[in-house]
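Text of input-v2.cif, listed as mmCIF, C-alpha atoms:
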data_data
loop_
_atom_site.label_atom_id
_atom_site.label_comp_id
_atom_site.auth_asym_id
_atom_site.auth_seq_id
_atom_site.Cartn_x
_atom_site.Cartn_y
_atom_site.Cartn_z
CA MET A 1 38.40 -36.06 -74.95
CA SER A 2 36.11 -33.89 -72.82
CA THR A 3 36.98 -31.12 -70.39
CA ASP A 4 34.87 -30.55 -67.30
CA THR A 5 34.60 -26.77 -66.78
CA ARG A 6 31.98 -26.87 -64.03
CA PRO A 7 32.82 -24.62 -61.05
CA THR A 8 33.91 -26.27 -57.82
CA PRO A 9 30.74 -26.71 -55.74
CA ASP A 10 30.41 -24.91 -52.41
CA PRO A 11 30.94 -27.45 -49.65
CA ARG A 12 28.26 -28.30 -47.12
CA VAL A 13 31.01 -28.84 -44.53
CA THR A 14 34.66 -27.78 -44.46
CA VAL A 15 36.91 -29.96 -42.33
CA VAL A 16 39.97 -28.20 -40.95
CA GLY A 17 42.88 -30.27 -39.71
CA VAL A 18 44.57 -29.10 -36.50
CA GLY A 19 48.08 -30.21 -35.58
CA ALA A 20 49.42 -31.00 -32.13
CA ASP A 21 50.55 -27.35 -31.86
CA GLY A 22 46.87 -26.39 -31.66
CA TRP A 23 45.19 -23.17 -32.72
CA ALA A 24 48.52 -21.36 -33.03
CA GLY A 25 49.55 -23.68 -35.86
CA VAL A 26 46.40 -23.14 -37.96
CA PRO A 27 47.10 -20.88 -40.97
CA GLU A 28 45.50 -17.42 -40.87
CA ARG A 29 43.29 -18.21 -43.88
CA LEU A 30 41.75 -21.16 -42.05
CA ARG A 31 41.46 -19.25 -38.77
CA ARG A 32 39.27 -16.72 -40.55
CA LEU A 33 37.19 -19.52 -42.04
CA VAL A 34 36.60 -21.01 -38.59
CA SER A 35 35.88 -17.62 -37.03
CA GLU A 36 33.30 -16.70 -39.70
CA ALA A 37 31.49 -20.05 -39.65
CA ASP A 38 27.91 -20.18 -38.35
CA THR A 39 28.54 -23.58 -36.75
CA VAL A 40 31.73 -25.31 -35.63
CA LEU A 41 31.78 -29.04 -34.91
CA GLY A 42 34.59 -30.91 -33.16
CA GLY A 43 35.87 -32.73 -30.14
CA ARG A 44 35.91 -31.01 -26.76
CA ARG A 45 39.68 -30.50 -26.96
CA HIS A 46 39.49 -28.74 -30.32
CA LEU A 47 36.51 -26.57 -29.44
CA ALA A 48 38.12 -25.51 -26.16
CA MET A 49 41.11 -24.02 -27.99
CA LEU A 50 39.01 -21.60 -30.08
CA PRO A 51 38.79 -17.92 -29.12
CA GLU A 52 35.33 -16.78 -28.09
CA ARG A 53 32.99 -15.55 -30.83
CA ALA A 54 29.54 -14.25 -29.99
CA GLY A 55 26.64 -16.00 -31.70
CA GLN A 56 28.66 -18.90 -33.09
CA ARG A 57 27.16 -22.34 -32.48
CA ARG A 58 29.63 -24.97 -31.29
CA GLU A 59 28.72 -28.64 -31.07
CA VAL A 60 30.67 -31.64 -29.76
CA TRP A 61 30.70 -34.76 -31.92
CA PRO A 62 27.88 -37.16 -31.04
CA SER A 63 28.57 -40.63 -29.67
CA PRO A 64 28.34 -43.00 -31.44
CA LEU A 65 29.61 -40.76 -34.23
CA ARG A 66 28.25 -42.26 -37.45
CA GLU A 67 24.81 -42.92 -36.01
CA GLY A 68 24.49 -39.43 -34.49
CA LEU A 69 25.92 -37.34 -37.33
CA PRO A 70 22.87 -37.24 -39.65
CA ALA A 71 20.67 -35.63 -36.99
CA LEU A 72 23.42 -33.18 -36.00
CA LEU A 73 24.07 -32.13 -39.60
CA ALA A 74 20.35 -31.77 -40.27
CA SER A 75 20.17 -29.27 -37.41
CA CYS A 76 22.90 -27.09 -38.95
CA PRO A 77 21.31 -24.61 -41.39
CA GLY A 78 23.04 -23.27 -44.49
CA ARG A 79 26.52 -24.11 -45.68
CA GLY A 80 28.57 -22.26 -43.07
CA VAL A 81 29.61 -25.38 -41.18
CA VAL A 82 33.22 -26.05 -40.19
CA ALA A 83 34.44 -29.23 -38.52
CA LEU A 84 37.72 -29.45 -36.62
CA ALA A 85 39.78 -32.65 -36.67
CA SER A 86 43.26 -33.84 -35.80
CA GLY A 87 46.01 -33.73 -38.41
CA ASP A 88 44.86 -35.08 -41.77
CA PRO A 89 41.11 -35.71 -41.39
CA LEU A 90 41.25 -38.34 -44.15
CA VAL A 91 43.69 -40.56 -42.24
CA SER A 92 41.20 -42.62 -40.21
CA GLY A 93 39.48 -39.32 -39.47
CA VAL A 94 36.06 -37.73 -39.39
CA ALA A 95 36.29 -36.46 -42.97
CA THR A 96 35.98 -40.03 -44.21
CA THR A 97 32.71 -40.46 -42.32
CA LEU A 98 31.37 -37.11 -43.53
CA ILE A 99 32.14 -37.98 -47.16
CA ASP A 100 30.44 -41.35 -46.74
CA LEU A 101 27.32 -39.58 -45.46
CA LEU A 102 27.24 -36.45 -47.62
CA GLY A 103 29.27 -37.28 -50.73
CA ALA A 104 32.64 -35.91 -51.83
CA ASP A 105 31.21 -32.71 -53.40
CA ALA A 106 29.66 -31.69 -50.08
CA VAL A 107 32.87 -31.90 -48.04
CA ARG A 108 36.05 -29.86 -48.43
CA VAL A 109 39.12 -31.01 -46.50
CA GLU A 110 41.90 -28.67 -45.37
CA PRO A 111 44.46 -31.06 -43.84
CA ALA A 112 47.27 -30.36 -41.45
CA LEU A 113 50.39 -32.51 -41.42
CA SER A 114 49.21 -35.95 -40.36
CA SER A 115 50.50 -37.85 -37.36
CA VAL A 116 51.34 -40.68 -39.77
CA ALA A 117 53.65 -38.43 -41.81
CA LEU A 118 55.30 -37.15 -38.63
CA ALA A 119 55.73 -40.69 -37.29
CA ARG A 120 57.36 -41.85 -40.52
CA ALA A 121 59.71 -38.89 -40.35
CA ARG A 122 60.70 -39.62 -36.74
CA MET A 123 61.29 -43.30 -37.50
CA GLY A 124 62.96 -42.69 -40.87
CA TRP A 125 60.53 -45.05 -42.59
CA PRO A 126 59.62 -44.45 -46.26
CA ALA A 127 55.85 -44.51 -46.87
CA GLU A 128 56.12 -47.41 -49.31
CA ARG A 129 57.92 -49.59 -46.73
CA CYS A 130 55.44 -49.49 -43.87
CA ALA A 131 51.76 -50.15 -43.30
CA VAL A 132 49.25 -48.07 -41.34
CA VAL A 133 46.71 -49.80 -39.11
CA THR A 134 44.03 -47.82 -37.30
CA LEU A 135 43.05 -49.13 -33.88
CA VAL A 136 40.91 -46.10 -33.00
CA GLY A 137 37.70 -47.62 -31.73
CA ARG A 138 38.66 -50.96 -33.28
CA ASP A 139 39.74 -54.39 -32.18
CA PRO A 140 43.53 -54.45 -31.60
CA ARG A 141 43.65 -58.00 -33.00
CA LEU A 142 43.76 -56.31 -36.41
CA LEU A 143 47.51 -56.15 -35.82
CA LEU A 144 47.76 -59.93 -36.07
CA ARG A 145 47.04 -59.86 -39.82
CA TRP A 146 50.37 -58.11 -40.43
CA LEU A 147 52.72 -60.34 -38.43
CA SER A 148 55.83 -61.10 -40.45
CA PRO A 149 59.50 -60.67 -39.52
CA GLY A 150 60.78 -57.27 -40.59
CA ALA A 151 57.34 -55.75 -41.10
CA ARG A 152 57.00 -52.10 -40.11
CA LEU A 153 53.63 -50.97 -38.81
CA LEU A 154 52.30 -47.61 -37.69
CA ALA A 155 49.31 -48.15 -35.43
CA LEU A 156 46.94 -45.26 -34.72
CA SER A 157 46.11 -45.85 -31.06
CA SER A 158 42.79 -45.38 -29.30
CA ASP A 159 44.35 -44.19 -26.04
CA ALA A 160 47.21 -44.67 -23.61
CA GLY A 161 46.18 -48.28 -23.02
CA THR A 162 46.66 -49.41 -26.63
CA PRO A 163 50.40 -50.22 -26.40
CA ALA A 164 49.84 -52.61 -23.49
CA LEU A 165 47.10 -54.41 -25.43
CA ALA A 166 49.33 -54.61 -28.50
CA ALA A 167 52.25 -55.93 -26.44
CA ALA A 168 50.12 -58.70 -24.96
CA LEU A 169 48.89 -59.74 -28.40
CA LEU A 170 52.38 -59.73 -29.90
CA SER A 171 53.90 -61.71 -27.05
CA GLY A 172 51.04 -64.20 -27.10
CA ALA A 173 51.56 -64.77 -30.84
CA GLY A 174 55.30 -65.39 -30.44
CA TYR A 175 56.42 -61.92 -31.51
CA GLY A 176 57.62 -60.68 -28.13
CA GLY A 177 60.86 -59.39 -29.64
CA THR A 178 58.97 -56.75 -31.63
CA ARG A 179 60.37 -53.28 -31.01
CA MET A 180 57.58 -50.91 -29.90
CA THR A 181 58.05 -47.14 -30.10
CA VAL A 182 55.42 -44.78 -28.71
CA LEU A 183 55.67 -41.41 -30.46
CA GLY A 184 53.72 -39.00 -28.30
CA ASP A 185 52.20 -35.59 -29.08
CA LEU A 186 53.86 -35.42 -32.49
CA GLY A 187 54.50 -31.92 -33.75
CA SER A 188 54.07 -30.24 -30.38
CA ASP A 189 56.53 -28.89 -27.81
CA ALA A 190 55.64 -31.89 -25.61
CA GLU A 191 56.70 -34.46 -28.22
CA SER A 192 58.07 -37.64 -26.62
CA ARG A 193 59.46 -41.06 -27.48
CA LEU A 194 59.23 -44.28 -25.47
CA GLU A 195 60.73 -47.61 -26.56
CA ALA A 196 60.64 -51.25 -25.39
CA THR A 197 60.06 -54.70 -26.84
CA ALA A 198 56.66 -56.31 -26.52
CA ASP A 199 58.01 -58.71 -23.90
CA GLU A 200 59.46 -55.79 -21.93
CA TRP A 201 56.34 -53.65 -22.06
CA SER A 202 54.91 -54.93 -18.79
CA GLY A 203 57.72 -53.02 -17.07
CA VAL A 204 56.75 -49.68 -18.62
CA ASP A 205 54.96 -47.25 -16.32
CA PRO A 206 51.44 -46.75 -17.80
CA ALA A 207 51.56 -43.11 -16.66
CA ALA A 208 54.49 -42.53 -19.02
CA VAL A 209 52.37 -43.30 -22.09
CA PRO A 210 50.76 -40.16 -23.56
CA ALA A 211 47.13 -40.38 -24.60
CA LEU A 212 47.88 -38.91 -28.05
CA HIS A 213 50.45 -41.04 -29.81
CA VAL A 214 51.30 -43.22 -32.78
CA LEU A 215 52.64 -46.70 -32.06
CA ALA A 216 55.50 -47.80 -34.35
CA LEU A 217 56.17 -51.54 -34.51
CA GLU A 218 59.23 -53.26 -35.96
CA VAL A 219 58.02 -56.85 -36.07
CA ALA A 220 60.37 -59.62 -34.90
CA GLY A 221 59.40 -63.26 -34.60
CA PRO A 222 58.80 -66.46 -36.58
CA PRO A 223 57.83 -66.52 -40.27
CA GLY A 224 54.26 -65.30 -40.72
CA TYR A 225 51.45 -66.81 -42.77
CA GLY A 226 51.56 -64.14 -45.46
CA LEU A 227 48.49 -62.70 -47.15
CA ALA A 228 48.10 -65.12 -50.07
CA ALA A 229 45.31 -67.70 -50.09
CA GLY A 230 46.00 -71.19 -48.82
CA LEU A 231 47.10 -70.92 -45.19
CA PRO A 232 48.17 -74.21 -43.59
CA ASP A 233 45.25 -76.23 -42.29
CA ASP A 234 46.74 -76.18 -38.79
CA ALA A 235 46.39 -72.38 -38.75
CA TYR A 236 42.73 -73.06 -37.97
CA GLU A 237 40.91 -74.55 -35.02
CA HIS A 238 38.48 -77.04 -36.57
CA ASP A 239 36.62 -80.33 -36.08
CA GLY A 240 37.31 -81.64 -39.57
CA GLN A 241 34.77 -79.33 -41.24
CA LEU A 242 37.41 -77.26 -43.04
CA THR A 243 37.96 -76.38 -46.68
CA LYS A 244 41.46 -77.78 -47.04
CA ARG A 245 44.41 -75.68 -48.09
CA ASP A 246 44.67 -76.52 -51.82
CA LEU A 247 40.91 -76.41 -52.36
CA ARG A 248 40.71 -73.11 -50.45
CA ALA A 249 43.35 -71.56 -52.68
CA ALA A 250 41.51 -72.75 -55.79
CA ALA A 251 38.22 -71.33 -54.55
CA LEU A 252 39.66 -67.94 -53.57
CA ALA A 253 41.43 -67.61 -56.92
CA ARG A 254 38.00 -67.75 -58.57
CA LEU A 255 36.23 -65.65 -55.94
CA ALA A 256 38.86 -62.93 -56.62
CA PRO A 257 38.88 -60.79 -53.45
CA ALA A 258 39.38 -57.07 -54.10
CA PRO A 259 39.20 -53.94 -51.91
CA GLY A 260 35.70 -53.07 -50.73
CA LEU A 261 34.01 -56.29 -51.85
CA HIS A 262 31.80 -58.43 -49.60
CA LEU A 263 31.72 -62.23 -49.40
CA TRP A 264 29.18 -64.71 -48.11
CA ASP A 265 30.83 -67.89 -46.77
CA VAL A 266 27.83 -70.26 -46.62
CA GLY A 267 28.13 -73.46 -44.62
CA ALA A 268 31.34 -71.95 -43.33
CA GLY A 269 32.61 -74.77 -41.08
CA ALA A 270 35.82 -73.31 -39.62
CA GLY A 271 35.39 -70.05 -41.56
CA SER A 272 38.65 -70.42 -43.49
CA VAL A 273 37.40 -69.00 -46.80
CA GLY A 274 35.89 -65.93 -45.16
CA VAL A 275 39.03 -65.40 -43.06
CA GLU A 276 41.36 -65.53 -46.05
CA TRP A 277 39.06 -63.34 -48.12
CA MET A 278 39.38 -60.64 -45.44
CA ARG A 279 43.13 -61.16 -45.05
CA ALA A 280 43.55 -60.37 -48.75
CA HIS A 281 42.91 -56.63 -48.14
CA PRO A 282 41.85 -54.56 -45.11
CA ALA A 283 38.81 -53.26 -47.02
CA CYS A 284 37.44 -56.74 -47.79
CA THR A 285 34.45 -57.77 -45.67
CA ALA A 286 32.71 -61.09 -45.17
CA THR A 287 29.77 -62.79 -43.50
CA ALA A 288 30.14 -66.43 -42.45
CA VAL A 289 26.90 -68.42 -42.15
CA GLU A 290 27.07 -71.59 -40.09
CA ALA A 291 24.21 -73.64 -38.64
CA ASP A 292 26.18 -75.30 -35.82
CA ALA A 293 26.61 -72.95 -32.83
CA GLY A 294 29.89 -74.56 -31.73
CA ARG A 295 31.40 -74.13 -35.16
CA ALA A 296 30.10 -70.56 -35.38
CA ALA A 297 31.92 -69.73 -32.14
CA ARG A 298 35.04 -71.39 -33.53
CA ILE A 299 34.87 -69.19 -36.64
CA GLY A 300 34.99 -66.11 -34.43
CA ARG A 301 38.08 -67.42 -32.64
CA ASN A 302 39.82 -68.23 -35.92
CA ALA A 303 39.05 -64.79 -37.31
CA GLY A 304 40.39 -63.00 -34.24
CA ARG A 305 43.58 -65.04 -34.06
CA LEU A 306 44.34 -64.49 -37.75
CA GLY A 307 43.84 -60.73 -37.61
CA VAL A 308 40.35 -60.25 -39.09
CA PRO A 309 38.12 -59.87 -36.01
CA GLY A 310 35.58 -57.95 -38.10
CA LEU A 311 34.38 -61.13 -39.84
CA ARG A 312 30.64 -61.28 -39.14
CA VAL A 313 29.33 -64.68 -38.04
CA VAL A 314 25.67 -65.55 -38.45
CA THR A 315 24.48 -68.69 -36.66
CA GLY A 316 21.73 -70.19 -38.75
CA ARG A 317 20.90 -72.46 -41.66
CA ALA A 318 20.77 -71.28 -45.25
CA PRO A 319 18.69 -70.22 -47.08
CA GLU A 320 16.69 -68.77 -44.17
CA ALA A 321 19.78 -67.26 -42.52
CA LEU A 322 20.67 -65.37 -45.71
CA ALA A 323 17.63 -63.11 -45.53
CA GLY A 324 18.53 -59.50 -44.79
CA LEU A 325 22.29 -59.90 -45.18
CA PRO A 326 24.22 -57.25 -47.16
CA ALA A 327 24.26 -58.16 -50.84
CA PRO A 328 27.42 -60.11 -51.71
CA ASP A 329 29.97 -59.51 -54.45
CA ALA A 330 31.07 -63.13 -54.07
CA VAL A 331 29.60 -66.26 -52.51
CA PHE A 332 31.30 -69.48 -51.47
CA VAL A 333 29.13 -72.47 -50.63
CA GLY A 334 31.23 -75.02 -48.80
CA GLY A 335 28.38 -77.09 -47.42
CA GLY A 336 24.63 -77.46 -47.74
CA ALA A 337 24.33 -76.77 -51.47
CA THR A 338 21.70 -79.50 -51.90
CA ARG A 339 19.43 -78.00 -49.25
CA PRO A 340 16.32 -76.68 -51.09
CA GLY A 341 16.63 -73.02 -52.02
CA VAL A 342 20.28 -72.49 -51.02
CA LEU A 343 21.84 -72.33 -54.47
CA GLN A 344 18.98 -70.25 -55.90
CA ALA A 345 19.13 -67.78 -53.01
CA CYS A 346 22.86 -67.30 -53.53
CA LEU A 347 22.48 -66.82 -57.28
CA GLU A 348 19.72 -64.26 -56.83
CA ALA A 349 21.61 -62.31 -54.16
CA LEU A 350 24.81 -61.78 -56.13
CA ARG A 351 25.55 -58.25 -57.28
CA PRO A 352 26.12 -57.73 -61.03
CA GLY A 353 29.51 -59.13 -61.96
CA GLY A 354 29.65 -61.16 -58.74
CA ARG A 355 31.27 -64.58 -58.45
CA LEU A 356 29.91 -67.83 -57.04
CA VAL A 357 31.98 -70.90 -56.14
CA VAL A 358 30.38 -74.11 -54.85
CA HIS A 359 32.18 -77.23 -53.62
CA GLY A 360 30.64 -80.68 -53.44
CA VAL A 361 31.91 -84.13 -52.45
CA THR A 362 28.71 -86.19 -52.74
CA LEU A 363 27.07 -87.61 -55.85
CA GLU A 364 23.96 -85.57 -55.06
CA THR A 365 25.88 -82.30 -54.97
CA GLU A 366 27.87 -83.25 -58.07
CA ARG A 367 24.62 -83.87 -59.97
CA LEU A 368 23.26 -80.49 -58.82
CA LEU A 369 26.41 -78.70 -59.94
CA GLY A 370 26.43 -80.53 -63.27
CA GLU A 371 22.89 -79.31 -63.92
CA ALA A 372 23.83 -75.76 -62.91
CA HIS A 373 26.77 -75.84 -65.31
CA ARG A 374 24.54 -77.13 -68.11
CA ASP A 375 21.92 -74.43 -67.50
CA ARG A 376 24.12 -71.44 -66.69
CA GLY A 377 27.62 -72.18 -67.91
CA GLY A 378 30.63 -71.20 -65.87
CA GLU A 379 33.48 -73.53 -65.00
CA LEU A 380 33.06 -77.08 -63.72
CA THR A 381 36.18 -78.71 -62.29
CA ARG A 382 36.99 -81.90 -60.41
CA ILE A 383 39.91 -81.46 -58.04
CA SER A 384 41.89 -84.39 -56.65
CA VAL A 385 44.66 -83.84 -54.11
CA GLU A 386 47.10 -86.46 -52.87
CA THR A 387 49.69 -86.03 -50.14
CA ALA A 388 52.74 -88.12 -49.33
CA ALA A 389 52.45 -90.23 -46.18
CA PRO A 390 54.26 -93.19 -44.63
CA ILE A 391 53.32 -96.71 -45.76
CA GLY A 392 55.19 -98.99 -43.41
CA GLY A 393 58.84 -98.18 -43.97
CA PHE A 394 58.11 -96.49 -47.28
CA THR A 395 56.27 -93.40 -48.50
CA GLY A 396 53.18 -93.35 -50.69
CA TRP A 397 50.38 -91.11 -51.84
CA THR A 398 47.24 -90.70 -49.72
CA PRO A 399 44.31 -89.28 -51.71
CA ALA A 400 41.75 -86.90 -50.22
CA ARG A 401 38.13 -86.96 -51.34
CA THR A 402 37.72 -85.62 -54.86
CA VAL A 403 35.85 -82.31 -54.87
CA THR A 404 33.64 -80.99 -57.64
CA GLN A 405 33.90 -77.23 -58.00
CA TRP A 406 31.47 -75.07 -59.93
CA SER A 407 32.36 -71.40 -60.43
CA TRP A 408 30.12 -68.88 -62.13
CA ARG A 409 30.04 -65.12 -62.75
CA ALA A 410 26.81 -63.12 -62.62
#

Represent the structure contained in this file as C-alpha cells.
Amino acid sequence: MSTDTRPTPDPRVTVVGVGADGWAGVPERLRRLVSEADTVLGGRRHLAMLPERAGQRREVWPSPLREGLPALLASCPGRGVVALASGDPLVSGVATTLIDLLGADAVRVEPALSSVALARARMGWPAERCAVVTLVGRDPRLLLRWLSPGARLLALSSDAGTPALAAALLSGAGYGGTRMTVLGDLGSDAESRLEATADEWSGVDPAAVPALHVLALEVAGPPGYGLAAGLPDDAYEHDGQLTKRDLRAAALARLAPAPGLHLWDVGAGAGSVGVEWMRAHPACTATAVEADAGRAARIGRNAGRLGVPGLRVVTGRAPEALAGLPAPDAVFVGGGATRPGVLQACLEALRPGGRLVVHGVTLETERLLGEAHRDRGGELTRISVETAAPIGGFTGWTPARTVTQWSWRA
C-alpha cells in the first residue's frame, strides 16, 4: 500500500457556487476569495451582484462557452482567477467544462446547495428514486428516453419556455397525464411552485413561469420501452433495412455499451443499434453511417423520437465516410461488410480493448467473416430466429433469414 503525501496543488481557477439568495448567501471565506481575486469570471447576473473593487478584472462568459473559454483563460495571468456559477457548479455547470479543459488539479470547486438538492427536498423525492436530465442548451427530446409510468425526473430547464416544450413532447408521446411542477427561484425569498399536467399546460400563463426553475415530472402514461437492448421493431420507422429485435439484442450484448464509450454504426439502415447503444446510458455516444440519404434522415427521426437526439448521422458510404470520425470503442457493421476496405478500416480504427460485431446474411459475407474468424479469432455464431404466424386456421413457425455474426475484441 502506498500513501500519497503530495500537497494539494494551487488551482488555476476556483469556481464559487452562488445560491438563489445571491451574494448575501456566500460564506465570508468565499467572499474574501472573490474580493481578492485578480480576475472574476461569470454570467452578467452574478457579476452584477458583486460590490465594486478597484482594479479587479471582470469578464462575462463567452458564447459559445466551450469554444471561447481557452482564449479567455489564456488572457488571465497568474492563478488568481475566480469563476462564479449557480448552485453546485458540477451539476451541469461550468466547472465540468473547466475541468475538461484544464484538468481536475487546475480547478477547485466551492459548491453552494444545488438546485437539484433543493428540488428533491421540495418534492420529497429521495436521490436514488429520481433521475436528473439537463436541458440547458440541449434538445428537450432527451426527456423521451426516460418515459415510463411512475418515473420521477428533475429537468434542469434552459429558460421559461422549457416547460411548454416538455409538455408538448409528453402529450405527443401519449404521456399527457404527467404531473409537471415548476419549482422557481429555489432557495430565495421569491421561491414559487406551479403545477399542471402536460395536457393542461397550454392553459398556463407563460408569464407565470420563472426563468430560473427546475422542472419536476411525475411520469404517467403507457408502459415505456425500457432501457434494455431489443426494442420492438415497430418502435422504429424503417423500410425493411432494420437489424431485427433479437439480432439487435445479441449484437449489443457483445458490443457492451458503457458510460462514455463511442460506437460506430456502419451501414446503419434505420439506426437501431446506434439508438439503443445511446439509450443504454446518457454518456454513451454514437455515429451512424448510412449511404442512403432517405435512410439517414430516418435515423435522425428515430433517434429524436426515442430520446437520443444527439446521435450523429453521417450520410456517406464506408470506408470513405469513416475518415476523420472520432475513434470508436465499439463498431457494428450491419451492412456493406464485403465492400473493399470496410472491415479493415473498422478493425484499424478501434481503440485498444474495443469490440467489433459484424452481421452477414449472404454467402459472400459469411465467407469473409469465416476468414476473419480463422485469422483473428473471436466468436463466430449463426443465429436463426423463427416466429409463430398463422398457417390457414393453424399456427406455425416462420423463419427469418439466418444471420452470421462475428464478434471480436481488439

Atomic distance atom CA of A:Pro390 - atom CA of A:His359, expressed in Å with one decimal: 28.7 Å

I'd like to know which of A:Gly103, A:Gly184, A:Gly269, A:Gly93 is closest to A:Leu242, using all atoms listed in the file. A:Gly269

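Note on the selection: in this file the PyMOL selection byres ((chain A and resi 23-25) around 10) comes out as Val18, Gly19, Ala20, Asp21, Gly22, Val26, Pro27, Glu28, Arg31, His46, Leu47, Ala48, Met49, Leu50, Pro51, Ala112, Gly187 and Ser188 of chain A.
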
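Closest approach to A:Arg152 from the set A:Gly124, A:Gly324, A:Gly354, A:Pro210 is made by A:Gly124, with distances taken over all atoms listed in the file.
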
At a cut-off of 7 Å, using all atoms listed in the file, what residues contact stretch 362-372 of chain A? Leave out same-chain residues fewer than 4 positions from it and give the result as an NGL selection string. :A and (337-338 or 376 or 404 or 406)

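Selection by the PyMOL selection byres ((chain A and resi 300) around 10) on the present file picks out A:Ala270, A:Gly271, A:Val275, A:Ala288, A:Arg295, A:Ala296, A:Ala297, A:Arg298, A:Ile299, A:Arg301, A:Asn302, A:Ala303, A:Gly304, A:Arg305, A:Val308, A:Pro309, A:Gly310, A:Leu311, A:Arg312, A:Val313.
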
Using only C-alpha atoms: which of A:Val15, A:Ala151, A:Leu212, A:Leu143 has the shortest distance to A:Ala168: A:Leu143

Expand the PyMOL selection byres ((chain A and resi 381) around 8) into the explicit residue set it covers here, and present it as a list of chain:residue names. A:Glu379, A:Leu380, A:Arg382, A:Ile383, A:Thr404, A:Gln405, A:Trp406

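Atom CA of A:Ser92 sits 25.1 Å away from atom CA of A:Pro328.
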
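Using all atoms listed in the file, the nearest neighbour of A:Leu154 within the list A:Arg129, A:Ala167, A:Ala256, A:Arg141 is A:Arg129.
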
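Between A:Gly17 and the residues A:Leu73, A:Gly55, A:His238, A:Val94, the shortest atom-to-atom distance, using all atoms listed in the file, involves A:Val94.
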
Interatomic distance (Å, one decimal) between atom CA of A:Ala74 and atom CA of A:Leu33: 20.9 Å

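Comparing A:Val358, A:Ala293, A:Gly336, A:Leu194 by their smallest distance to A:Gly316, the closest is A:Ala293 (using all atoms listed in the file).
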
For A:Gly224, list every protein, DNA or RNA residue within 9 Å, evaluated using only C-alpha atoms, and leave out those in the same chain fewer than 4 positions away; present the list as a list in words. Trp146, Leu147, Ser148 and Pro149 of chain A

A:Thr398: which residues within 7 Å, counting all atoms listed in the file, same-chain residues fewer than 2 positions away excluded, as number ranges by chain? A: 386-389, 396, 400

The residues within 10 Å of (18.1, -68.7, -44.5), using all atoms listed in the file and the coordinates of the file, should be reported as a PyMOL selection string; which are they? chain A and resi 289+291+316-325+341-342+345

List the spatial neighbours of A:Gly221 as a list in words - criterion: any atom at most 7 Å away, only C-alpha atoms, same-chain residues fewer than 4 positions off excluded. Pro149, Gly174, Tyr175 and Gly177 of chain A

Can you tell me, as a ChimeraX atom specification, what residues are no more than 10 Å from A:Gly78 when counting only C-alpha atoms, ignoring any on the same chain fewer than 5 positions away? /A:12-13,38-39

Would you place a box with edges along x, y and z of the file around all atoms of stretch 271-287 of chain A listed there, add 5 Å to each of its six sides, and report the centre and edge lengths in Å to one decimal, as lines of an AutoDock Vina configuration file?
center_x = 36.7
center_y = -61.8
center_z = -45.2
size_x = 23.8
size_y = 27.2
size_z = 17.2

Reconstructed stretch 45-55 of chain A, atom set N, CA, C and O atoms, as a tab-separated table (two decimals), keeping the file's coordinate frame:
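Writing done, so here's selection.tsv:
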chain	number	residue	atom	x	y	z
A	45	ARG	N	38.34	-31.08	-27.00
A	45	ARG	CA	39.68	-30.50	-26.96
A	45	ARG	C	39.85	-29.43	-28.03
A	45	ARG	O	40.41	-28.36	-27.78
A	46	HIS	N	39.35	-29.70	-29.24
A	46	HIS	CA	39.49	-28.74	-30.32
A	46	HIS	C	38.62	-27.50	-30.10
A	46	HIS	O	39.05	-26.37	-30.33
A	47	LEU	N	37.40	-27.71	-29.66
A	47	LEU	CA	36.51	-26.57	-29.44
A	47	LEU	C	37.01	-25.68	-28.31
A	47	LEU	O	36.86	-24.45	-28.35
A	48	ALA	N	37.64	-26.29	-27.31
A	48	ALA	CA	38.12	-25.51	-26.16
A	48	ALA	C	39.26	-24.57	-26.53
A	48	ALA	O	39.49	-23.57	-25.85
A	49	MET	N	39.97	-24.86	-27.63
A	49	MET	CA	41.11	-24.02	-27.99
A	49	MET	C	40.70	-22.78	-28.81
A	49	MET	O	41.51	-21.89	-29.03
A	50	LEU	N	39.44	-22.72	-29.24
A	50	LEU	CA	39.01	-21.60	-30.08
A	50	LEU	C	38.80	-20.34	-29.25
A	50	LEU	O	38.30	-20.39	-28.12
A	51	PRO	N	39.14	-19.18	-29.80
A	51	PRO	CA	38.79	-17.92	-29.12
A	51	PRO	C	37.28	-17.72	-29.13
A	51	PRO	O	36.57	-18.23	-30.01
A	52	GLU	N	36.77	-17.01	-28.18
A	52	GLU	CA	35.33	-16.78	-28.09
A	52	GLU	C	34.84	-15.98	-29.31
A	52	GLU	O	35.53	-15.10	-29.81
A	53	ARG	N	33.61	-16.33	-29.77
A	53	ARG	CA	32.99	-15.55	-30.83
A	53	ARG	C	31.49	-15.54	-30.58
A	53	ARG	O	30.83	-16.59	-30.61
A	54	ALA	N	30.95	-14.39	-30.33
A	54	ALA	CA	29.54	-14.25	-29.99
A	54	ALA	C	28.66	-14.76	-31.11
A	54	ALA	O	28.90	-14.47	-32.29
A	55	GLY	N	27.64	-15.54	-30.75
A	55	GLY	CA	26.64	-16.00	-31.70
A	55	GLY	C	27.02	-17.23	-32.49
A	55	GLY	O	26.19	-17.77	-33.22
